[in-house]
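Undergrad: If it helps, the file is called work_32.txt and holds compact mmCIF, C-alpha atoms:
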```
# COMPACT_ATOMS: atom_id res chain seq x y z
CA MET A 1 -150.07 -60.37 -259.13
CA LYS A 2 -150.54 -58.12 -256.10
CA LYS A 3 -151.52 -61.17 -254.07
CA LEU A 4 -148.36 -62.98 -255.21
CA LEU A 5 -146.13 -60.05 -254.21
CA ILE A 6 -147.67 -60.04 -250.76
CA PHE A 7 -146.90 -63.74 -250.42
CA ILE A 8 -143.32 -63.18 -251.53
CA SER A 9 -142.74 -60.38 -249.03
CA ILE A 10 -143.81 -62.53 -246.11
CA ILE A 11 -142.28 -65.81 -247.30
CA SER A 12 -139.75 -65.85 -244.47
CA LEU A 13 -142.57 -65.70 -241.96
CA LEU A 14 -145.00 -68.11 -243.54
CA MET A 15 -142.93 -70.67 -245.46
CA PRO A 16 -142.95 -73.97 -243.58
CA LEU A 17 -140.22 -76.58 -243.60
CA MET A 18 -141.85 -79.62 -245.09
CA GLY A 19 -141.52 -82.57 -242.71
CA ILE A 20 -140.54 -80.70 -239.54
CA SER A 21 -141.61 -77.10 -239.14
CA ALA A 22 -139.21 -74.25 -238.56
CA GLU A 23 -140.78 -73.64 -235.18
CA GLU A 24 -140.21 -77.26 -234.17
CA VAL A 25 -136.56 -77.05 -235.21
CA LYS A 26 -136.15 -73.76 -233.35
CA LYS A 27 -137.72 -75.27 -230.23
CA GLU A 28 -135.36 -78.26 -230.41
CA ASN A 29 -132.34 -75.99 -230.62
CA ASN A 30 -133.49 -73.66 -227.86
CA THR A 31 -134.11 -76.55 -225.49
CA ASN A 32 -130.77 -78.12 -226.44
CA SER A 33 -132.63 -81.28 -227.41
CA ASN A 34 -130.63 -83.63 -229.61
CA ILE A 35 -133.09 -86.42 -230.26
CA LEU A 36 -131.52 -87.93 -233.38
CA ALA A 37 -127.76 -87.81 -232.76
CA LYS A 38 -127.53 -87.82 -228.99
CA ASN A 39 -123.77 -88.22 -228.82
CA ALA A 40 -122.78 -85.72 -231.52
CA LYS A 41 -121.61 -82.18 -230.86
CA SER A 42 -123.66 -81.03 -233.83
CA ALA A 43 -125.89 -82.55 -236.48
CA ILE A 44 -128.07 -81.72 -239.44
CA LEU A 45 -130.41 -83.59 -241.78
CA LEU A 46 -131.65 -82.18 -245.08
CA GLU A 47 -133.35 -83.17 -248.32
CA GLU A 48 -131.00 -82.60 -251.24
CA SER A 49 -133.17 -81.28 -254.09
CA THR A 50 -135.07 -78.67 -252.06
CA GLY A 51 -132.46 -77.98 -249.38
CA GLU A 52 -135.18 -78.27 -246.75
CA ILE A 53 -133.75 -78.93 -243.27
CA LEU A 54 -135.56 -81.81 -241.61
CA TYR A 55 -133.60 -81.68 -238.37
CA GLU A 56 -130.67 -79.75 -236.91
CA PHE A 57 -128.84 -79.46 -233.61
CA ASN A 58 -126.08 -76.90 -233.00
CA SER A 59 -125.68 -76.97 -236.77
CA HIS A 60 -123.74 -73.70 -236.97
CA GLU A 61 -121.20 -74.51 -234.25
CA LYS A 62 -117.67 -74.14 -235.64
CA LEU A 63 -115.75 -77.38 -235.20
CA GLU A 64 -112.85 -79.27 -236.77
CA PRO A 65 -114.24 -81.05 -239.85
CA ALA A 66 -111.37 -83.56 -240.23
CA SER A 67 -111.42 -85.35 -243.60
CA MET A 68 -114.91 -84.12 -244.42
CA THR A 69 -112.78 -81.20 -245.66
CA LYS A 70 -112.13 -83.36 -248.71
CA MET A 71 -115.73 -82.86 -249.89
CA MET A 72 -114.79 -79.32 -250.84
CA SER A 73 -111.57 -80.56 -252.42
CA LEU A 74 -113.54 -83.12 -254.43
CA LEU A 75 -116.04 -80.46 -255.47
CA LEU A 76 -113.24 -78.34 -256.95
CA ILE A 77 -111.65 -81.43 -258.53
CA MET A 78 -114.95 -82.34 -260.23
CA GLU A 79 -115.33 -78.77 -261.49
CA ALA A 80 -111.76 -78.78 -262.80
CA ILE A 81 -112.41 -82.02 -264.71
CA GLU A 82 -115.64 -80.68 -266.18
CA LYS A 83 -113.87 -77.46 -267.27
CA GLY A 84 -111.05 -79.39 -268.88
CA VAL A 85 -108.34 -78.20 -266.48
CA ILE A 86 -107.46 -81.86 -265.86
CA SER A 87 -108.86 -85.08 -267.35
CA TRP A 88 -109.75 -88.47 -265.89
CA ASP A 89 -106.98 -90.33 -267.71
CA GLN A 90 -104.31 -87.67 -267.15
CA LYS A 91 -101.23 -88.85 -265.27
CA ILE A 92 -100.28 -86.71 -262.27
CA THR A 93 -96.67 -86.69 -261.06
CA VAL A 94 -96.53 -86.87 -257.26
CA SER A 95 -94.47 -84.18 -255.52
CA SER A 96 -92.38 -84.70 -252.40
CA ASN A 97 -94.87 -82.49 -250.56
CA ALA A 98 -97.78 -84.75 -251.51
CA SER A 99 -95.94 -87.99 -250.74
CA SER A 100 -94.91 -86.72 -247.30
CA MET A 101 -98.47 -86.24 -246.07
CA GLY A 102 -99.25 -88.02 -242.82
CA GLY A 103 -102.53 -89.51 -241.67
CA SER A 104 -104.58 -91.63 -244.04
CA GLN A 105 -102.84 -92.16 -247.38
CA ILE A 106 -102.51 -94.42 -250.41
CA LEU A 107 -98.71 -94.62 -250.08
CA LEU A 108 -97.77 -92.42 -253.03
CA GLU A 109 -94.07 -92.06 -253.74
CA THR A 110 -92.26 -88.93 -254.90
CA GLY A 111 -92.09 -88.92 -258.69
CA GLU A 112 -94.73 -91.63 -259.06
CA GLN A 113 -97.36 -91.04 -261.72
CA MET A 114 -101.00 -91.91 -261.13
CA SER A 115 -104.15 -91.14 -263.13
CA VAL A 116 -106.71 -88.62 -261.95
CA ASP A 117 -109.22 -91.47 -261.93
CA ASP A 118 -107.17 -93.51 -259.45
CA LEU A 119 -106.34 -90.48 -257.31
CA VAL A 120 -110.05 -89.66 -256.97
CA LYS A 121 -110.61 -93.26 -255.90
CA GLY A 122 -107.87 -92.84 -253.33
CA ILE A 123 -109.56 -89.74 -251.92
CA SER A 124 -113.18 -90.92 -252.06
CA ILE A 125 -112.62 -94.44 -250.74
CA ALA A 126 -109.50 -94.36 -248.57
CA SER A 127 -109.41 -90.62 -247.73
CA GLY A 128 -105.84 -90.34 -249.00
CA ASN A 129 -104.20 -87.13 -247.85
CA ASP A 130 -101.36 -87.67 -250.32
CA ALA A 131 -103.83 -88.14 -253.19
CA VAL A 132 -105.77 -84.95 -252.48
CA VAL A 133 -102.60 -82.85 -252.20
CA ALA A 134 -101.32 -84.27 -255.50
CA LEU A 135 -104.52 -83.23 -257.26
CA ALA A 136 -104.64 -79.86 -255.51
CA GLU A 137 -101.15 -79.08 -256.80
CA ALA A 138 -102.05 -80.27 -260.31
CA ILE A 139 -105.07 -77.97 -260.44
CA ALA A 140 -103.78 -74.85 -258.68
CA GLY A 141 -99.99 -75.13 -258.79
CA THR A 142 -99.66 -75.22 -255.00
CA GLU A 143 -101.76 -76.45 -252.13
CA GLU A 144 -101.93 -72.87 -250.84
CA ASN A 145 -103.49 -71.67 -254.09
CA PHE A 146 -105.95 -74.56 -253.98
CA VAL A 147 -106.96 -73.72 -250.40
CA LYS A 148 -107.68 -70.17 -251.55
CA MET A 149 -109.96 -71.64 -254.21
CA MET A 150 -111.69 -73.66 -251.48
CA ASN A 151 -112.36 -70.58 -249.39
CA ASP A 152 -113.51 -68.62 -252.43
CA LYS A 153 -115.98 -71.42 -253.17
CA VAL A 154 -117.26 -71.26 -249.60
CA LYS A 155 -118.11 -67.58 -250.14
CA GLU A 156 -119.67 -68.32 -253.52
CA LEU A 157 -121.98 -70.86 -251.87
CA GLY A 158 -122.99 -68.30 -249.22
CA LEU A 159 -121.66 -70.36 -246.29
CA ASN A 160 -120.48 -68.48 -243.22
CA ASP A 161 -119.14 -71.04 -240.73
CA THR A 162 -116.11 -72.32 -242.63
CA ASN A 163 -112.44 -71.44 -243.04
CA PHE A 164 -110.04 -73.90 -244.64
CA LYS A 165 -106.31 -73.94 -243.95
CA ASN A 166 -105.55 -77.13 -245.88
CA CYS A 167 -107.18 -79.43 -248.43
CA HIS A 168 -107.04 -82.69 -246.44
CA GLY A 169 -108.51 -81.94 -243.01
CA LEU A 170 -105.69 -82.60 -240.57
CA ASP A 171 -106.17 -80.42 -237.48
CA GLU A 172 -104.70 -76.94 -237.91
CA GLU A 173 -105.37 -73.70 -236.08
CA GLY A 174 -108.03 -71.71 -237.91
CA HIS A 175 -109.29 -74.72 -239.87
CA TYR A 176 -112.98 -75.15 -239.03
CA SER A 177 -116.47 -75.67 -240.41
CA SER A 178 -119.95 -76.60 -239.20
CA ALA A 179 -122.45 -79.37 -239.76
CA TYR A 180 -124.59 -76.90 -241.69
CA ASP A 181 -121.79 -75.93 -244.06
CA MET A 182 -120.52 -79.49 -244.49
CA ALA A 183 -124.00 -80.74 -245.42
CA HIS A 184 -124.43 -77.96 -247.96
CA ILE A 185 -120.98 -78.60 -249.45
CA GLY A 186 -122.03 -82.24 -249.71
CA ARG A 187 -125.26 -81.15 -251.37
CA GLU A 188 -123.29 -79.21 -253.97
CA LEU A 189 -120.91 -82.13 -254.49
CA VAL A 190 -123.61 -84.74 -255.24
CA ARG A 191 -124.90 -82.55 -258.05
CA HIS A 192 -121.79 -83.83 -259.83
CA GLU A 193 -123.31 -87.29 -259.94
CA LYS A 194 -120.17 -89.04 -261.17
CA ILE A 195 -118.56 -88.61 -257.74
CA LEU A 196 -121.11 -91.12 -256.41
CA GLU A 197 -119.59 -93.77 -258.67
CA TYR A 198 -116.46 -93.44 -256.51
CA SER A 199 -117.87 -92.75 -253.05
CA SER A 200 -120.18 -95.79 -253.32
CA ILE A 201 -117.34 -98.28 -253.89
CA TYR A 202 -116.72 -100.34 -250.77
CA GLU A 203 -113.44 -101.95 -251.79
CA THR A 204 -111.09 -101.95 -254.77
CA TYR A 205 -107.41 -101.99 -255.66
CA LEU A 206 -104.88 -99.50 -257.02
CA ARG A 207 -101.77 -100.49 -258.99
CA GLU A 208 -103.44 -103.90 -259.30
CA GLU A 209 -101.07 -105.25 -261.96
CA THR A 210 -97.91 -104.14 -260.16
CA SER A 211 -95.83 -105.16 -257.19
CA LYS A 212 -97.10 -102.06 -255.36
CA LYS A 213 -100.74 -103.17 -255.38
CA ILE A 214 -102.78 -101.53 -252.61
CA TRP A 215 -106.20 -102.53 -251.27
CA LEU A 216 -108.66 -99.70 -250.65
CA VAL A 217 -111.55 -100.16 -248.22
CA ASN A 218 -114.14 -97.42 -247.85
CA THR A 219 -113.93 -95.55 -244.57
CA ASN A 220 -117.72 -95.08 -244.80
CA LYS A 221 -119.04 -98.51 -243.81
CA LEU A 222 -122.63 -97.46 -244.46
CA VAL A 223 -122.10 -97.83 -248.21
CA ARG A 224 -121.85 -101.58 -247.64
CA PHE A 225 -124.22 -102.14 -244.75
CA LYS A 226 -127.08 -99.73 -245.50
CA GLU A 227 -128.95 -100.04 -248.77
CA GLY A 228 -129.22 -96.76 -250.67
CA VAL A 229 -126.19 -95.08 -249.09
CA ASP A 230 -123.73 -94.10 -251.83
CA GLY A 231 -121.45 -91.56 -250.12
CA LEU A 232 -120.06 -89.23 -248.98
CA LYS A 233 -117.18 -88.66 -246.56
CA THR A 234 -115.98 -89.68 -243.11
CA GLY A 235 -113.53 -87.83 -240.91
CA TYR A 236 -111.51 -88.39 -237.78
CA THR A 237 -108.79 -86.56 -235.91
CA GLU A 238 -108.11 -86.30 -232.21
CA GLY A 239 -109.43 -82.75 -232.21
CA ALA A 240 -112.48 -83.38 -234.40
CA GLY A 241 -113.63 -86.73 -233.05
CA PHE A 242 -115.58 -88.95 -235.43
CA CYS A 243 -117.45 -87.15 -238.21
CA LEU A 244 -119.53 -88.22 -241.17
CA THR A 245 -121.53 -86.74 -243.99
CA ALA A 246 -123.63 -89.49 -245.54
CA THR A 247 -126.10 -89.42 -248.40
CA MET A 248 -128.82 -91.90 -249.24
CA LYS A 249 -131.37 -92.14 -252.07
CA ARG A 250 -134.66 -93.98 -252.02
CA ASP A 251 -137.89 -93.62 -254.01
CA GLY A 252 -136.51 -90.64 -255.93
CA MET A 253 -135.55 -88.69 -252.79
CA ARG A 254 -131.97 -88.04 -251.67
CA VAL A 255 -131.15 -86.94 -248.13
CA ILE A 256 -127.90 -85.80 -246.55
CA ALA A 257 -126.99 -86.25 -242.89
CA THR A 258 -123.96 -84.76 -241.13
CA VAL A 259 -122.69 -85.36 -237.61
CA MET A 260 -119.58 -83.91 -235.98
CA GLY A 261 -117.74 -84.76 -232.78
CA GLU A 262 -119.04 -88.29 -232.26
CA PRO A 263 -117.19 -90.41 -229.62
CA ASP A 264 -116.44 -93.42 -231.85
CA SER A 265 -117.11 -94.78 -235.34
CA GLY A 266 -119.78 -97.24 -234.22
CA THR A 267 -121.86 -94.55 -232.55
CA ARG A 268 -121.33 -92.24 -235.52
CA ASN A 269 -122.54 -94.83 -238.01
CA SER A 270 -125.49 -95.89 -235.89
CA GLU A 271 -126.74 -92.36 -235.29
CA VAL A 272 -126.36 -91.32 -238.93
CA SER A 273 -128.21 -94.46 -239.98
CA SER A 274 -131.06 -93.53 -237.63
CA MET A 275 -131.15 -89.99 -239.02
CA LEU A 276 -131.47 -91.30 -242.56
CA ASP A 277 -134.27 -93.68 -241.56
CA TYR A 278 -136.04 -90.83 -239.79
CA ALA A 279 -136.02 -88.72 -242.96
CA PHE A 280 -137.58 -91.40 -245.14
CA ALA A 281 -140.16 -92.24 -242.48
CA GLN A 282 -141.24 -88.63 -242.09
CA VAL A 283 -141.35 -87.14 -245.58
CA GLY A 284 -141.84 -87.98 -249.23
CA ILE A 285 -141.02 -86.04 -252.36
CA LYS A 286 -143.24 -85.04 -255.26
CA LYS A 287 -141.83 -83.84 -258.57
CA LEU A 288 -143.93 -81.00 -259.92
CA LEU A 289 -141.78 -80.15 -262.95
CA SER A 290 -138.55 -81.33 -264.50
CA LYS A 291 -135.79 -78.94 -265.56
CA ASN A 292 -136.88 -79.58 -269.17
CA SER A 293 -140.52 -78.62 -268.57
CA VAL A 294 -141.51 -75.57 -270.64
CA VAL A 295 -143.70 -73.46 -268.37
CA GLU A 296 -144.25 -70.68 -270.93
CA LYS A 297 -143.24 -69.69 -274.45
CA ILE A 298 -142.51 -66.06 -275.20
CA ASN A 299 -141.70 -63.94 -278.24
CA LEU A 300 -138.60 -61.77 -278.21
CA SER A 301 -138.97 -59.01 -280.79
CA LYS A 302 -135.29 -58.57 -281.65
CA ALA A 303 -134.30 -62.24 -281.40
CA LYS A 304 -133.18 -64.46 -284.28
CA ILE A 305 -135.85 -67.00 -283.32
CA ASP A 306 -139.52 -66.16 -283.01
CA GLU A 307 -140.20 -68.03 -279.78
CA VAL A 308 -138.22 -69.38 -276.84
CA GLY A 309 -139.30 -71.70 -274.03
CA ILE A 310 -139.00 -70.81 -270.36
CA VAL A 311 -137.84 -73.67 -268.12
CA PRO A 312 -136.77 -74.16 -264.49
CA VAL A 313 -133.01 -74.29 -263.87
CA LYS A 314 -133.55 -77.57 -261.98
CA ASP A 315 -136.26 -80.09 -261.22
CA VAL A 316 -139.01 -78.57 -259.11
CA ASN A 317 -139.67 -80.83 -256.13
CA ILE A 318 -141.71 -80.39 -253.00
CA LEU A 319 -141.69 -82.32 -249.75
CA TYR A 320 -144.77 -83.46 -247.91
CA LYS A 321 -145.30 -85.03 -244.53
CA LYS A 322 -146.25 -88.66 -245.00
CA VAL A 323 -148.72 -88.43 -242.16
CA ASP A 324 -150.62 -85.76 -244.12
CA GLY A 325 -150.41 -87.50 -247.50
CA GLU A 326 -149.45 -85.96 -250.84
CA ILE A 327 -150.52 -82.44 -251.68
CA THR A 328 -151.52 -81.02 -255.06
CA PRO A 329 -149.57 -77.80 -255.52
CA THR A 330 -149.80 -75.27 -258.33
CA TYR A 331 -147.26 -72.79 -259.59
CA GLU A 332 -147.05 -69.19 -260.75
CA ILE A 333 -144.26 -67.55 -262.71
CA LYS A 334 -142.88 -64.03 -262.72
CA LEU A 335 -140.58 -63.13 -265.61
CA ASP A 336 -138.00 -60.38 -265.59
CA ASP A 337 -137.88 -57.75 -268.33
CA PHE A 338 -135.25 -59.22 -270.64
CA SER A 339 -134.36 -59.33 -274.32
CA ALA A 340 -131.94 -61.03 -276.68
CA PRO A 341 -129.18 -62.00 -276.44
CA VAL A 342 -129.82 -64.53 -273.66
CA LYS A 343 -128.20 -67.90 -272.95
CA VAL A 344 -129.24 -71.14 -271.30
CA GLY A 345 -128.50 -70.67 -267.60
CA ASP A 346 -129.20 -66.95 -267.54
CA ILE A 347 -131.84 -66.18 -264.92
CA VAL A 348 -134.93 -64.64 -266.50
CA GLY A 349 -137.46 -64.95 -263.69
CA LYS A 350 -138.78 -67.10 -260.86
CA LEU A 351 -141.32 -69.87 -260.45
CA TYR A 352 -143.30 -69.98 -257.20
CA VAL A 353 -144.77 -73.28 -256.03
CA MET A 354 -148.07 -72.66 -254.27
CA ASN A 355 -150.30 -74.74 -252.01
CA ASN A 356 -153.47 -72.79 -251.34
CA ASN A 357 -152.09 -69.48 -250.06
CA ASP A 358 -148.66 -70.74 -249.04
CA ILE A 359 -145.46 -70.47 -251.07
CA LEU A 360 -143.73 -73.81 -250.68
CA ASN A 361 -140.73 -73.29 -252.91
CA GLN A 362 -139.23 -70.92 -255.45
CA VAL A 363 -136.97 -71.82 -258.36
CA ASP A 364 -135.09 -69.67 -260.86
CA LEU A 365 -136.18 -69.76 -264.51
CA THR A 366 -134.02 -69.75 -267.63
CA VAL A 367 -134.44 -70.27 -271.39
CA ASN A 368 -134.29 -73.68 -273.06
CA GLU A 369 -131.95 -72.54 -275.86
CA ASP A 370 -129.48 -69.77 -276.55
CA VAL A 371 -131.08 -66.76 -278.23
CA LYS A 372 -128.98 -64.43 -280.37
CA LYS A 373 -129.89 -60.87 -281.26
CA CYS A 374 -130.77 -59.99 -284.85
CA ASN A 375 -128.50 -57.70 -286.83
CA LEU A 376 -130.11 -54.86 -288.78
CA PHE A 377 -130.58 -56.91 -291.95
CA GLU A 378 -132.10 -59.83 -290.04
CA LEU A 379 -134.34 -57.46 -288.10
CA TYR A 380 -135.57 -55.88 -291.36
CA TRP A 381 -136.22 -59.31 -292.92
CA LYS A 382 -138.10 -60.49 -289.83
CA TYR A 383 -140.23 -57.33 -289.92
CA LEU A 384 -140.97 -57.85 -293.62
CA LYS A 385 -142.02 -61.47 -293.08
CA ASN A 386 -144.40 -60.39 -290.33
CA ILE A 387 -145.98 -57.85 -292.71
CA LEU A 388 -146.33 -60.42 -295.50
CA GLY A 389 -147.69 -62.97 -293.07
CA GLY A 390 -150.32 -60.58 -291.84
CA ASN A 391 -148.88 -60.42 -288.34
CA ILE A 392 -148.50 -56.65 -288.59
CA LYS A 393 -151.43 -54.59 -289.80
CA PHE A 394 -151.59 -50.93 -290.74
```
Would you mind giving the structure from this file in structure tokens?
TA:
Amino acid sequence: MKKLLIFISIISLLMPLMGISAEEVKKENNTNSNILAKNAKSAILLEESTGEILYEFNSHEKLEPASMTKMMSLLLIMEAIEKGVISWDQKITVSSNASSMGGSQILLETGEQMSVDDLVKGISIASGNDAVVALAEAIAGTEENFVKMMNDKVKELGLNDTNFKNCHGLDEEGHYSSAYDMAHIGRELVRHEKILEYSSIYETYLREETSKKIWLVNTNKLVRFKEGVDGLKTGYTEGAGFCLTATMKRDGMRVIATVMGEPDSGTRNSEVSSMLDYAFAQVGIKKLLSKNSVVEKINLSKAKIDEVGIVPVKDVNILYKKVDGEITPTYEIKLDDFSAPVKVGDIVGKLYVMNNNDILNQVDLTVNEDVKKCNLFELYWKYLKNILGGNIKF
């Protein structure tokens, strides 16, 4: 245990980035070398499940994010649907404020009603400013309230380079983000896997059975022309230039690439495509444990159940450099001092993934079922059963 604590205390000094080391990334930034997205103002490439950064260049520079802003809007929309605030088949009445939005739109009219499902299509595929404002108002009452929710979520995620002034991404003073923050917002968004059913659609129609039929074509051309790409969000304004956060999955590994300030859409798409190829050429992923893997079973003396399983809060993955081949890691766990009641999702300890003397990753632990606390009668009965069963001796 003492050895483990020593490792933990120096993790920031010893923990390597799998694929490209932290020192290599630091050297690239210090020498202003942008080898993967030569025309971008900033760029970042990361593996989704571990959050490991495989490449970055000026990733914390604050820039206009354009319609990549809508990733945060979509994140809050997905959360609102999952919480029951709105539902997929609910009809939203479009306000005059929403219908008056400029820029990219799906031509909503004041008073028109459209389902949440179709509005999410309009945002994810066609980047509809009118659609995102309509949903923002439905969730928060006003766009201003929704923008406050966006900024609160930024703080919750621990991101420091972002301030939103609107939910759509049109240039506005004080509206900015960074490649780092955009990639991590995208990482949070893809955890709501249903959004990928929308962002991966290349073309579809809205109001198909009406005289107001509209054809939607995805602004992210990579979803059609690059196998494995299933999102996420493009952006363009005069101030922002051409931006893109793209995600791609292959062989069980998902990566996210973000570029900002590209000179044109062709260059943007080409450089993001190269970044994605670079990631899959450099690193592979190995699943050590799933989020359902019981790593230990423990007894809680005052709990209604005799035993509860300890599980990771998410799949435990590690990256390895393909040039080095797969590694065979181990893990150690450290549980907090806790007792009933405890619920699934409550953090009860940490799991440390080890390779020889290096800590490669750490993941929070939780319980695999809710555990209620015994009342006095139940506690007495449990004690009596232990005596009768010979578990307690005098």
Undergrad: Leaving out segment 89-102 of chain A and any residue of its chain fewer than 5 positions from it, which residues lie within 7 Å of it when counting only C-alpha atoms, given as number ranges by chain?
TA: A: 108-117, 129-130, 133-134, 138
Undergrad: Just C-alpha atoms for this one: save the residues we selected as an mmCIF file, in the frame of the given file.
TA:
```
data_model
loop_
_atom_site.group_PDB
_atom_site.id
_atom_site.type_symbol
_atom_site.label_atom_id
_atom_site.label_comp_id
_atom_site.auth_asym_id
_atom_site.auth_seq_id
_atom_site.Cartn_x
_atom_site.Cartn_y
_atom_site.Cartn_z
ATOM 1 C CA LEU A 108 -97.770 -92.420 -253.030
ATOM 2 C CA GLU A 109 -94.070 -92.060 -253.740
ATOM 3 C CA THR A 110 -92.260 -88.930 -254.900
ATOM 4 C CA GLY A 111 -92.090 -88.920 -258.690
ATOM 5 C CA GLU A 112 -94.730 -91.630 -259.060
ATOM 6 C CA GLN A 113 -97.360 -91.040 -261.720
ATOM 7 C CA MET A 114 -101.000 -91.910 -261.130
ATOM 8 C CA SER A 115 -104.150 -91.140 -263.130
ATOM 9 C CA VAL A 116 -106.710 -88.620 -261.950
ATOM 10 C CA ASP A 117 -109.220 -91.470 -261.930
ATOM 11 C CA ASN A 129 -104.200 -87.130 -247.850
ATOM 12 C CA ASP A 130 -101.360 -87.670 -250.320
ATOM 13 C CA VAL A 133 -102.600 -82.850 -252.200
ATOM 14 C CA ALA A 134 -101.320 -84.270 -255.500
ATOM 15 C CA ALA A 138 -102.050 -80.270 -260.310
#
```
Undergrad: Which residue, A:Val295, A:Thr330, A:Asn269, A:Asp364, has the smallest gap to Asp346 of chain A when you use all atoms listed in the file?
TA: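 The answer is A:Asp364, which sits nearest to Asp346 of chain A.
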Undergrad: Under the rule that all atoms listed in the file are counted, which of A:Glu173, A:Asp324, A:Asp315, A:Asp181 is the nearest residue to Ile256 of chain A?
TA: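 Ranked by minimum distance to Ile256 of chain A, first place goes to A:Asp181.
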Undergrad: Write out as a list in words each polymer residue whose atoms come within 7 Å of segment 215-222 of chain A, counting all atoms listed in the file; drop sequence neighbours fewer than 3 positions from it.
TA: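 In the requested form, the answer reads Ile125, Ala126, Ile201, Tyr202, Glu203, Thr204, Tyr205, Leu206, Phe225, Lys226, Val229, Lys233, Thr234 and Asn269 of chain A.
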Undergrad: At a cut-off of 9 Å, using all atoms listed in the file, what residues contact Cys167 of chain A? Leave out same-chain residues fewer than 6 positions from it and give the result as a list in words.
TA: Ser67, Thr69, Lys70, Met72, Ser73, Asn129, Val132, Val133, Ala136, Glu143, Glu144, Phe146, Val147 and Met150 of chain A
Undergrad: For atom CA of Gly309 of chain A and atom CA of Thr328 of chain A, quote the distance in Å rounded to one decimal.
TA: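 Going from atom CA of Gly309 of chain A over to atom CA of Thr328 of chain A covers 24.4 Å.
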Undergrad: Here is a test: counting all atoms listed in the file, which residue of A:Leu376, A:Val259, A:Met275, A:Ala80 is nearest to Ile139 of chain A?
TA: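 With all atoms listed in the file as the atom set, the closest residue is A:Ala80.
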Undergrad: Between A:Gly169, A:Thr245, A:Thr50, A:Gly345, which one has atoms that come closest to Lys286 of chain A, using all atoms listed in the file?
TA: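 Closest to Lys286 of chain A, using all atoms listed in the file: A:Thr50.
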Undergrad: Which residue is closest to Ile35 of chain A? Choose from A:Gln105, A:Lys321, A:Ile53, A:Ser274 and count all atoms listed in the file.
TA: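 With all atoms listed in the file as the atom set, the closest residue is A:Ser274.
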Undergrad: Which distance in Å separates atom CA of Glu47 of chain A and atom CA of Gly241 of chain A, to one decimal?
TA: 25.2 Å
Undergrad: Could you please determine the separation between atom CA of Tyr180 of chain A and atom CA of Ala43 of chain A in Å, to one decimal place?
TA: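 For atom CA of Tyr180 of chain A relative to atom CA of Ala43 of chain A, the distance reads 7.8 Å.
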Undergrad: So, counting only C-alpha atoms, which residue among A:Ile86, A:Leu189, A:Val272, A:Ala140 is closest to Ala40 of chain A?
TA: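 The closest residue to Ala40 of chain A is A:Val272.
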Undergrad: Would you kindly return, as a compact mmCIF listing (two decimals) with C-alpha atoms, in the coordinates of the input, each protein, DNA or RNA residue with an atom no farther than 9 Å from any atom of Pro341 of chain A, considering all atoms listed in the file and excluding same-chain residues fewer than 2 positions away?
TA:
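Output saved as out.txt:
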```
# COMPACT_ATOMS: atom_id res chain seq x y z
CA LYS A 302 -135.29 -58.57 -281.65
CA ALA A 303 -134.30 -62.24 -281.40
CA PHE A 338 -135.25 -59.22 -270.64
CA SER A 339 -134.36 -59.33 -274.32
CA LYS A 343 -128.20 -67.90 -272.95
CA ASP A 370 -129.48 -69.77 -276.55
CA VAL A 371 -131.08 -66.76 -278.23
CA LYS A 372 -128.98 -64.43 -280.37
CA LYS A 373 -129.89 -60.87 -281.26
CA CYS A 374 -130.77 -59.99 -284.85
```
Undergrad: Excluding Tyr320 of chain A and residues on its chain fewer than 5 positions from it, collect all residues at most 9 Å away from it, counting all atoms listed in the file, and give them as a PyMOL selection string.
TA: chain A and resi 18-19+282-286+325-327
